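Q: As input, take upload06.txt (compact mmCIF, C-alpha atoms and all ligand atoms):
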```
# COMPACT_ATOMS: atom_id res chain seq x y z
CA MET A 1 0.00 0.00 0.00
CA ALA A 2 1.33 3.44 -0.90
CA GLU A 3 2.33 5.64 2.04
CA ALA A 4 0.22 8.72 2.61
CA GLU A 5 1.89 11.93 1.51
CA ALA A 6 2.32 14.46 4.31
CA LEU A 7 3.59 17.22 2.03
CA VAL A 8 3.18 17.72 -1.69
CA ALA A 9 4.46 20.54 -3.87
CA GLU A 10 3.75 20.56 -7.59
CA ASP A 11 5.48 23.04 -9.83
CA VAL A 12 5.66 25.63 -7.05
CA ARG A 13 6.83 29.06 -8.19
CA ARG A 14 7.42 32.26 -6.28
CA GLN A 15 8.88 35.47 -7.59
CA TYR A 16 9.71 38.62 -5.62
CA GLY A 17 9.90 41.40 -8.19
CA ASP A 18 12.61 40.27 -10.58
CA VAL A 19 13.96 37.66 -8.18
CA VAL A 20 12.85 34.11 -8.88
CA ALA A 21 12.92 32.48 -5.45
CA LEU A 22 11.23 29.20 -6.48
CA ASP A 23 11.40 28.09 -10.07
CA GLY A 24 9.06 25.11 -10.39
CA VAL A 25 9.68 22.92 -7.34
CA SER A 26 7.92 19.55 -7.20
CA LEU A 27 8.31 17.38 -4.18
CA SER A 28 6.44 14.69 -2.30
CA ILE A 29 7.22 13.81 1.32
CA PRO A 30 5.55 10.74 2.84
CA GLU A 31 4.28 10.70 6.40
CA GLY A 32 6.98 9.95 8.93
CA GLU A 33 9.88 11.03 6.75
CA VAL A 34 12.64 13.42 7.83
CA PHE A 35 13.37 15.51 4.77
CA GLY A 36 16.40 17.80 4.71
CA LEU A 37 16.39 20.78 2.40
CA VAL A 38 19.88 22.12 1.88
CA GLY A 39 21.39 24.80 -0.28
CA PRO A 40 23.41 27.99 -0.14
CA ASN A 41 22.13 31.42 0.92
CA GLY A 42 19.31 32.58 -1.30
CA ALA A 43 18.65 29.11 -2.78
CA GLY A 44 14.96 29.35 -1.83
CA LYS A 45 14.78 27.16 1.29
CA THR A 46 12.82 29.58 3.45
CA THR A 47 10.54 30.50 0.56
CA LEU A 48 9.71 26.82 0.06
CA VAL A 49 8.96 26.41 3.77
CA ARG A 50 6.76 29.49 3.60
CA ALA A 51 4.97 28.19 0.50
CA LEU A 52 4.34 24.83 2.19
CA THR A 53 3.07 26.47 5.38
CA GLY A 54 0.89 28.92 3.50
CA THR A 55 2.76 31.91 4.94
CA THR A 56 3.55 33.24 1.49
CA ARG A 57 1.51 33.00 -1.67
CA CYS A 58 2.86 30.95 -4.56
CA ASP A 59 1.87 29.54 -7.92
CA GLY A 60 1.47 25.80 -8.32
CA THR A 61 -0.08 23.29 -5.95
CA VAL A 62 0.71 22.73 -2.29
CA ARG A 63 -0.86 20.10 -0.06
CA VAL A 64 -0.25 19.56 3.65
CA LEU A 65 -1.77 16.35 5.01
CA GLY A 66 -3.87 16.19 1.88
CA VAL A 67 -5.33 19.70 1.91
CA PRO A 68 -4.19 23.23 0.99
CA PRO A 69 -2.15 24.85 3.82
CA ALA A 70 -4.98 27.26 4.64
CA ASP A 71 -7.32 24.33 5.35
CA VAL A 72 -5.03 22.20 7.47
CA ASP A 73 -5.79 21.88 11.18
CA ASP A 74 -3.23 24.15 12.92
CA ALA A 75 -3.00 21.68 15.78
CA ARG A 76 -1.34 19.17 13.42
CA VAL A 77 1.45 21.46 12.21
CA GLY A 78 4.46 22.96 14.00
CA LEU A 79 6.65 25.69 12.55
CA LEU A 80 9.97 27.11 13.65
CA PRO A 81 10.51 30.09 11.33
CA GLN A 82 14.03 31.13 10.43
CA SER A 83 13.51 34.56 11.98
CA PHE A 84 11.72 34.41 15.29
CA HIS A 85 12.14 37.13 17.90
CA PRO A 86 10.11 36.59 21.06
CA ALA A 87 9.84 39.29 23.71
CA ASP A 88 13.06 39.58 25.74
CA ARG A 89 11.28 39.86 29.09
CA LEU A 90 9.63 36.45 28.91
CA THR A 91 11.22 33.44 30.50
CA ALA A 92 11.65 30.30 28.42
CA ARG A 93 8.83 28.74 30.44
CA GLU A 94 6.52 31.72 29.84
CA LEU A 95 7.30 31.67 26.14
CA VAL A 96 6.48 27.98 25.75
CA THR A 97 3.42 28.37 28.02
CA TYR A 98 2.15 31.21 25.82
CA TYR A 99 2.37 29.02 22.70
CA ALA A 100 0.81 26.05 24.52
CA GLY A 101 -2.14 28.32 25.34
CA LEU A 102 -2.88 28.79 21.64
CA TYR A 103 -4.11 25.21 21.34
CA ASP A 104 -7.11 23.44 22.86
CA GLU A 105 -4.81 20.57 23.74
CA SER A 106 -1.11 20.89 24.32
CA ARG A 107 1.81 18.99 25.74
CA SER A 108 3.13 19.58 29.22
CA VAL A 109 5.30 22.71 29.17
CA THR A 110 7.79 21.05 31.53
CA ALA A 111 8.14 18.09 29.15
CA VAL A 112 8.69 20.40 26.15
CA LEU A 113 11.36 22.38 28.05
CA ASP A 114 12.99 19.10 28.98
CA ASP A 115 12.93 17.95 25.35
CA VAL A 116 14.83 21.04 24.23
CA GLY A 117 17.27 20.85 27.14
CA LEU A 118 16.09 23.97 28.96
CA SER A 119 14.79 22.52 32.21
CA GLU A 120 17.50 24.21 34.26
CA ASP A 121 17.18 27.59 32.55
CA ALA A 122 13.41 27.55 32.18
CA ASP A 123 12.95 30.58 34.43
CA THR A 124 15.63 32.74 32.82
CA TRP A 125 14.54 35.70 30.74
CA TYR A 126 14.82 35.11 27.01
CA GLU A 127 17.28 38.02 26.68
CA LYS A 128 19.57 36.39 29.26
CA LEU A 129 19.72 33.03 27.47
CA SER A 130 22.64 32.27 25.16
CA GLY A 131 21.97 32.34 21.42
CA GLY A 132 21.79 28.55 21.33
CA GLN A 133 19.44 28.42 24.32
CA GLN A 134 17.21 31.04 22.69
CA ARG A 135 17.01 28.94 19.53
CA ARG A 136 16.14 25.87 21.60
CA ALA A 137 13.38 27.79 23.38
CA CYS A 138 12.03 28.72 19.94
CA VAL A 139 12.15 25.06 18.86
CA GLY A 140 10.08 24.32 21.98
CA THR A 141 7.30 26.63 20.78
CA ALA A 142 6.97 24.48 17.64
CA LEU A 143 6.56 21.30 19.69
CA VAL A 144 3.83 22.35 22.13
CA ASN A 145 0.97 20.99 20.02
CA ASP A 146 2.68 17.62 19.39
CA PRO A 147 2.48 18.22 15.63
CA ASP A 148 2.18 15.53 12.98
CA VAL A 149 4.18 17.70 10.57
CA LEU A 150 7.02 19.83 11.82
CA PHE A 151 8.80 22.52 9.81
CA LEU A 152 12.18 23.55 11.19
CA ASP A 153 13.82 26.38 9.25
CA GLU A 154 17.51 26.27 10.18
CA PRO A 155 16.88 24.92 13.67
CA THR A 156 20.53 24.59 14.65
CA THR A 157 21.88 27.93 13.49
CA GLY A 158 23.70 29.55 16.40
CA ILE A 159 23.62 26.44 18.55
CA ASP A 160 26.89 25.05 19.92
CA PRO A 161 27.95 21.48 19.01
CA ALA A 162 26.57 19.91 22.20
CA GLY A 163 23.23 21.69 21.79
CA ARG A 164 23.15 20.72 18.14
CA ARG A 165 23.69 17.07 18.95
CA SER A 166 20.93 17.12 21.54
CA LEU A 167 18.60 18.73 19.00
CA TRP A 168 19.56 16.05 16.49
CA ARG A 169 18.60 13.38 19.05
CA LEU A 170 15.30 15.16 19.62
CA ILE A 171 14.59 15.12 15.87
CA ASP A 172 15.50 11.42 15.79
CA ASP A 173 13.02 10.79 18.61
CA LEU A 174 10.27 12.79 16.89
CA ALA A 175 10.87 10.83 13.69
CA ALA A 176 10.79 7.55 15.60
CA GLY A 177 7.40 8.63 16.96
CA GLY A 178 6.09 9.14 13.42
CA THR A 179 6.39 12.94 13.06
CA THR A 180 7.07 14.14 9.54
CA VAL A 181 9.92 16.66 9.67
CA LEU A 182 10.99 19.11 6.99
CA LEU A 183 14.14 20.86 8.05
CA THR A 184 16.32 23.32 6.22
CA SER A 185 20.01 23.66 6.79
CA HIS A 186 23.22 25.12 5.43
CA SER A 187 25.03 22.05 6.65
CA MET A 188 25.46 19.07 4.36
CA ALA A 189 26.80 17.12 7.36
CA GLU A 190 23.65 17.91 9.33
CA VAL A 191 21.19 16.73 6.67
CA GLU A 192 23.38 13.71 5.95
CA ARG A 193 23.17 12.83 9.63
CA LEU A 194 19.45 13.49 10.09
CA ALA A 195 17.47 13.11 6.91
CA ASP A 196 15.93 10.05 5.30
CA ARG A 197 15.97 12.02 2.07
CA VAL A 198 17.65 15.22 1.04
CA GLY A 199 16.70 17.87 -1.49
CA LEU A 200 19.56 19.94 -2.90
CA LEU A 201 18.23 23.36 -3.79
CA ARG A 202 19.98 25.88 -5.98
CA ASP A 203 18.55 29.05 -7.52
CA GLY A 204 14.99 28.01 -6.69
CA ARG A 205 15.28 24.57 -8.27
CA LEU A 206 15.72 21.14 -6.79
CA VAL A 207 18.84 19.78 -8.46
CA ALA A 208 18.57 16.37 -6.76
CA VAL A 209 16.36 14.50 -4.32
CA GLY A 210 17.20 11.18 -2.70
CA SER A 211 18.62 9.46 0.33
CA PRO A 212 22.09 10.72 1.23
CA GLU A 213 23.50 7.26 0.51
CA SER A 214 21.92 6.97 -2.93
CA LEU A 215 22.88 10.52 -3.94
CA ILE A 216 26.48 9.97 -2.84
CA ALA A 217 26.66 6.56 -4.55
CA GLU A 218 25.22 7.96 -7.79
CA HIS A 219 26.86 11.37 -7.97
CA GLY A 220 29.55 11.59 -5.28
CA GLY A 221 32.47 10.16 -7.22
CA ASP A 222 35.43 8.37 -5.68
CA SER A 223 37.09 8.51 -2.31
CA ARG A 224 40.37 10.40 -2.47
CA LEU A 225 43.71 10.68 -0.81
CA VAL A 226 45.16 14.18 -0.79
CA VAL A 227 48.86 14.35 -0.02
CA ASP A 228 50.75 17.48 0.99
CA ALA A 229 53.85 17.06 -1.16
CA ALA A 230 55.49 18.34 -4.29
CA PRO A 231 55.34 15.83 -7.14
CA PRO A 232 58.62 14.05 -7.91
CA ALA A 233 60.39 14.83 -11.16
CA ASP A 234 59.69 11.39 -12.56
CA ARG A 235 55.90 11.50 -12.99
CA GLU A 236 55.81 8.32 -15.06
CA ALA A 237 57.53 6.32 -12.34
CA LEU A 238 54.98 7.68 -9.87
CA ALA A 239 52.03 6.65 -12.02
CA ALA A 240 53.58 3.22 -12.60
CA ALA A 241 54.27 2.74 -8.87
CA LEU A 242 50.66 3.43 -8.01
CA ASP A 243 49.04 1.94 -11.06
CA THR A 244 46.65 4.87 -11.13
CA GLU A 245 46.58 8.50 -12.13
CA VAL A 246 47.93 11.07 -9.69
CA THR A 247 46.78 14.63 -10.21
CA GLU A 248 48.14 17.84 -8.75
CA HIS A 249 45.98 20.61 -7.24
CA GLY A 250 47.45 23.68 -5.59
CA GLY A 251 50.73 22.02 -4.60
CA ARG A 252 49.02 18.86 -3.39
CA LEU A 253 48.81 15.45 -4.97
CA GLU A 254 45.46 13.73 -5.26
CA VAL A 255 44.97 10.01 -5.71
CA ARG A 256 41.41 8.91 -6.48
CA ASP A 257 39.52 5.79 -5.51
CA VAL A 258 41.68 4.74 -2.59
CA ALA A 259 39.94 2.48 -0.07
CA LEU A 260 40.58 3.43 3.56
CA ALA A 261 42.25 0.06 4.15
CA ASP A 262 44.73 0.80 1.34
CA VAL A 263 45.80 4.27 2.52
CA GLY A 264 48.98 3.04 4.28
CA ASP A 265 50.01 1.00 1.26
CA VAL A 266 49.45 3.89 -1.17
CA VAL A 267 51.43 6.30 1.05
CA SER A 268 54.32 3.79 1.24
CA ARG A 269 54.31 3.46 -2.53
CA LEU A 270 54.29 7.24 -2.94
CA GLU A 271 57.33 7.49 -0.66
CA ALA A 272 59.08 4.66 -2.49
CA ALA A 273 58.49 6.62 -5.73
CA GLY A 274 60.33 9.61 -4.25
CA VAL A 275 57.43 11.67 -2.88
CA ASP A 276 58.29 13.47 0.35
CA VAL A 277 54.96 13.00 2.16
CA GLU A 278 54.48 15.65 4.85
CA SER A 279 50.86 14.89 5.69
CA PHE A 280 47.84 13.42 4.02
CA ALA A 281 44.07 13.36 4.34
CA TRP A 282 41.66 10.74 3.08
CA SER A 283 38.05 11.53 2.47
CA GLU A 284 34.98 9.74 1.25
CA PRO A 285 32.65 11.54 -1.11
CA ASP A 286 29.86 13.37 0.68
CA LEU A 287 26.89 15.52 -0.24
CA SER A 288 29.18 18.46 -0.98
CA ASP A 289 30.76 16.39 -3.76
CA VAL A 290 27.28 15.57 -5.04
CA TYR A 291 26.42 19.27 -5.11
CA LEU A 292 29.67 20.14 -6.86
CA ARG A 293 29.19 17.48 -9.51
CA LEU A 294 25.59 18.41 -10.19
CA THR A 295 25.95 22.19 -10.16
CA GLY A 296 29.60 22.85 -10.98
CA GLU A 297 29.75 25.02 -7.85
CA SER A 298 31.35 24.07 -4.61
CA PHE A 299 29.28 24.15 -1.48
CA VAL A 300 31.51 24.17 1.56
CA PRO A 301 29.70 22.18 4.21
CA THR A 302 29.13 24.21 7.34
CA ASP A 303 27.77 23.37 10.71
CA GLY A 304 25.23 26.14 10.56
CA ASP A 305 27.55 28.73 12.05
CA GLY A 306 29.73 29.08 9.01
CA ARG A 307 32.39 26.80 10.45
CA PRO A 308 33.53 23.86 8.36
CA GLY A 309 31.33 20.84 8.90
CA VAL A 310 32.29 17.29 9.74
CA GLU A 311 34.31 15.49 7.09
CA SER A 312 35.66 11.97 7.10
CA GLU A 313 39.38 12.50 7.29
CA VAL A 314 42.43 10.58 8.33
CA GLU A 315 45.33 12.89 9.03
CA GLY A 316 48.79 11.57 8.38
N1 LIG B 401 10.23 38.93 1.15
C1 LIG B 401 11.12 38.95 0.17
N2 LIG B 401 11.21 40.01 -0.67
C2 LIG B 401 12.10 40.04 -1.68
N3 LIG B 401 12.95 39.03 -1.97
C3 LIG B 401 12.91 37.95 -1.18
C4 LIG B 401 12.00 37.86 -0.08
N4 LIG B 401 12.19 36.66 0.52
C5 LIG B 401 13.19 36.04 -0.17
N5 LIG B 401 13.61 36.81 -1.19
C6 LIG B 401 14.64 36.45 -2.16
O1 LIG B 401 14.33 35.17 -2.68
C7 LIG B 401 15.51 34.38 -2.81
C8 LIG B 401 15.36 33.12 -1.98
O2 LIG B 401 15.39 33.51 -0.61
P1 LIG B 401 15.19 32.47 0.57
O3 LIG B 401 15.18 33.26 1.84
O4 LIG B 401 14.04 31.60 0.29
O5 LIG B 401 16.54 31.61 0.45
P2 LIG B 401 17.22 30.67 1.52
O6 LIG B 401 17.72 29.50 0.77
O7 LIG B 401 16.29 30.41 2.65
O8 LIG B 401 18.43 31.57 2.01
P3 LIG B 401 19.18 31.64 3.44
O9 LIG B 401 19.94 30.37 3.55
O10 LIG B 401 20.06 32.83 3.31
O11 LIG B 401 18.13 31.79 4.49
C9 LIG B 401 16.65 35.27 -2.40
O12 LIG B 401 17.20 35.86 -3.56
C10 LIG B 401 16.00 36.30 -1.52
O13 LIG B 401 16.71 37.52 -1.55
```
Here is a file; write its structure as structure tokens.
Ligand SMILES: Nc1ncnc2c1ncn2[C@@H]1O[C@H](COP(=O)(O)OP(=O)(O)OP(=O)(O)O)[C@@H](O)[C@H]1O
A:
Amino acid sequence: MAEAEALVAEDVRRQYGDVVALDGVSLSIPEGEVFGLVGPNGAGKTTLVRALTGTTRCDGTVRVLGVPPADVDDARVGLLPQSFHPADRLTARELVTYYAGLYDESRSVTAVLDDVGLSEDADTWYEKLSGGQQRRACVGTALVNDPDVLFLDEPTTGIDPAGRRSLWRLIDDLAAGGTTVLLTSHSMAEVERLADRVGLLRDGRLVAVGSPESLIAEHGGDSRLVVDAAPPADREALAAALDTEVTEHGGRLEVRDVALADVGDVVSRLEAAGVDVESFAWSEPDLSDVYLRLTGESFVPTDGDGRPGVESEVEG
């Protein structure tokens, strides 16, 4: 039996003046899926969330739990907008209590604060919370109605690594309980970690949709070993010693399609061929490679704060 679709977008378009924010996005997200929407600044992520939540008008068709966004029961949907600025002189508990009061039935405020890791700081004014704690309090407001569909627009921006991991566990738990989650992120590592399927958005278009594993297998290319070393004079001997092509990028040598188990052997053979290996790094292809291959543009994975994201590396 086909799974019910929690979210459907068909040829969704949105233009602001001359700026095309969404250029014909079609997408179908089954109930219970965690879907990660990732792309650079201005790709259209927030506009798509707004189109799906009915908070901006758009052309095309949008369905949430089978009906247009305007007709969906508010009690079944949770939304954490990207920009959300509660009053400073509310405590985290008062903020969550206020949102709980908007629904006929709501979860226990204490349980929600516990879920977002704010039990100890529940009675601190919003303005006195750290940026990460503020964001977690805002996430709490989206959980008060125990939604079936949860939209999280950049939920981890500004949150430190420990807070981010606890939010990831919370999203895992929500997914395990059957909640459909659409989250946006700047971090390829984050969506790779969290999402059942990922949509790569660029210039208002979905350039690829699929599970992280399938996208990486199909478009990611080979694993690679990057060696900090000048190439030896005898390039032919080097190629013969490795039995594969060695390319040079910015003063570094790159050997493609090296299995992790073979790294030591390849480094030994490089040294035997006269390469003075100072250090090396091995990496598997990830979603950033997928994005690069599909768009021709690099997308440096970030953790949401602009810092480099997690990469699989073995330093030599
Ligand atoms: N209200 C608006 N008025 C005018 N232009 C807008 C408006 N909202 C978005 N845009 C433009 O639409 C495009 C898509 O913006 P959007 O905020 O959806 O991207 P995004 O992927 O969420 O970006 P970011 O990662 O920076 O939040 C951008 O060029 C943006 O400047």
Q: Produce as a ChimeraX atom specification the set of residues near ligand LIG 401 (chain B), where near means within 6 Å with all atoms listed in the file considered.
A: /A:16,19,21,40-47
Q: Can you tell me, as a VMD selection string, what residues are no more than 8 Å from Arg256 (chain A) when counting all atoms listed in the file, ignoring any on the same chain fewer than 5 positions away?
A: chain A and resid 222 to 225 245 to 246
Q: In terms of the shortest atom-to-atom distance over only C-alpha atoms, which of A:Asp71, A:Glu154, A:Glu297, A:Glu278 is closest to Arg202 (chain A)?
A: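 With only C-alpha atoms as the atom set, the closest residue is A:Glu297.
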Q: Report as an MDAnalysis selection string all protein, DNA and RNA residues lying within 12 Å of Leu215 (chain A), evaluated on all atoms listed in the file, omitting residues in the same chain fewer than 5 positions from it.
A: chainID A and resid 192 196:200 207:210 220:221 285:291 293:294
Q: Which is closer to Val139 (chain A) than all the others in A:His249, A:Arg193, A:Arg164, A:Arg205, using only C-alpha atoms?
A: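 Closest candidate: A:Arg164.
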Q: Find the residue from A:Asp228, A:Asp257, A:Asp172, A:Glu271 that sits nearest to Val34 (chain A); use all atoms listed in the file when measuring.
A: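 Among the listed residues, A:Asp172 lies closest to Val34 (chain A).
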Q: Residues proximal to (60.5, 18.9, -2.8) were defined as those with any atom within 10 Å of that point in the file's coordinates, counting only C-alpha atoms. Which are they, as a PyMOL selection string?
A: chain A and resi 229-233+274-277
Q: Write a file of the just-selected residues containing C-alpha atoms, as a JSON list (two decimals), in the frame of the given file.
A:
```json
[["chain", "number", "residue", "atom", "x", "y", "z"],
["A", 229, "ALA", "CA", 53.85, 17.06, -1.16],
["A", 230, "ALA", "CA", 55.49, 18.34, -4.29],
["A", 231, "PRO", "CA", 55.34, 15.83, -7.14],
["A", 232, "PRO", "CA", 58.62, 14.05, -7.91],
["A", 233, "ALA", "CA", 60.39, 14.83, -11.16],
["A", 274, "GLY", "CA", 60.33, 9.61, -4.25],
["A", 275, "VAL", "CA", 57.43, 11.67, -2.88],
["A", 276, "ASP", "CA", 58.29, 13.47, 0.35],
["A", 277, "VAL", "CA", 54.96, 13.00, 2.16]]
```
Q: With distances taken over only C-alpha atoms, which residue among A:Asn145, A:Leu129, A:Ala122, A:Arg76 lies nearest Glu105 (chain A)?
A: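 Using only C-alpha atoms, the shortest distance to Glu105 (chain A) belongs to A:Asn145.
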Q: List the neighbours of Asp59 (chain A) out to 12 Å using only C-alpha atoms; skip same-chain residues closer than 5 positions along the sequence, and give me the result as a PyMOL selection string.
A: chain A and resi 9-15+20-26+48+51-52+54
Q: Could the residues in this selection be written to a file with C-alpha atoms, as a PDB file, keeping the file's coordinate frame?
A:
```pdb
ATOM      1  CA  ALA A   9       4.460  20.540  -3.870  1.00  0.00           C
ATOM      2  CA  GLU A  10       3.750  20.560  -7.590  1.00  0.00           C
ATOM      3  CA  ASP A  11       5.480  23.040  -9.830  1.00  0.00           C
ATOM      4  CA  VAL A  12       5.660  25.630  -7.050  1.00  0.00           C
ATOM      5  CA  ARG A  13       6.830  29.060  -8.190  1.00  0.00           C
ATOM      6  CA  ARG A  14       7.420  32.260  -6.280  1.00  0.00           C
ATOM      7  CA  GLN A  15       8.880  35.470  -7.590  1.00  0.00           C
ATOM      8  CA  VAL A  20      12.850  34.110  -8.880  1.00  0.00           C
ATOM      9  CA  ALA A  21      12.920  32.480  -5.450  1.00  0.00           C
ATOM     10  CA  LEU A  22      11.230  29.200  -6.480  1.00  0.00           C
ATOM     11  CA  ASP A  23      11.400  28.090 -10.070  1.00  0.00           C
ATOM     12  CA  GLY A  24       9.060  25.110 -10.390  1.00  0.00           C
ATOM     13  CA  VAL A  25       9.680  22.920  -7.340  1.00  0.00           C
ATOM     14  CA  SER A  26       7.920  19.550  -7.200  1.00  0.00           C
ATOM     15  CA  LEU A  48       9.710  26.820   0.060  1.00  0.00           C
ATOM     16  CA  ALA A  51       4.970  28.190   0.500  1.00  0.00           C
ATOM     17  CA  LEU A  52       4.340  24.830   2.190  1.00  0.00           C
ATOM     18  CA  GLY A  54       0.890  28.920   3.500  1.00  0.00           C
TER      19      GLY A  54
END
```
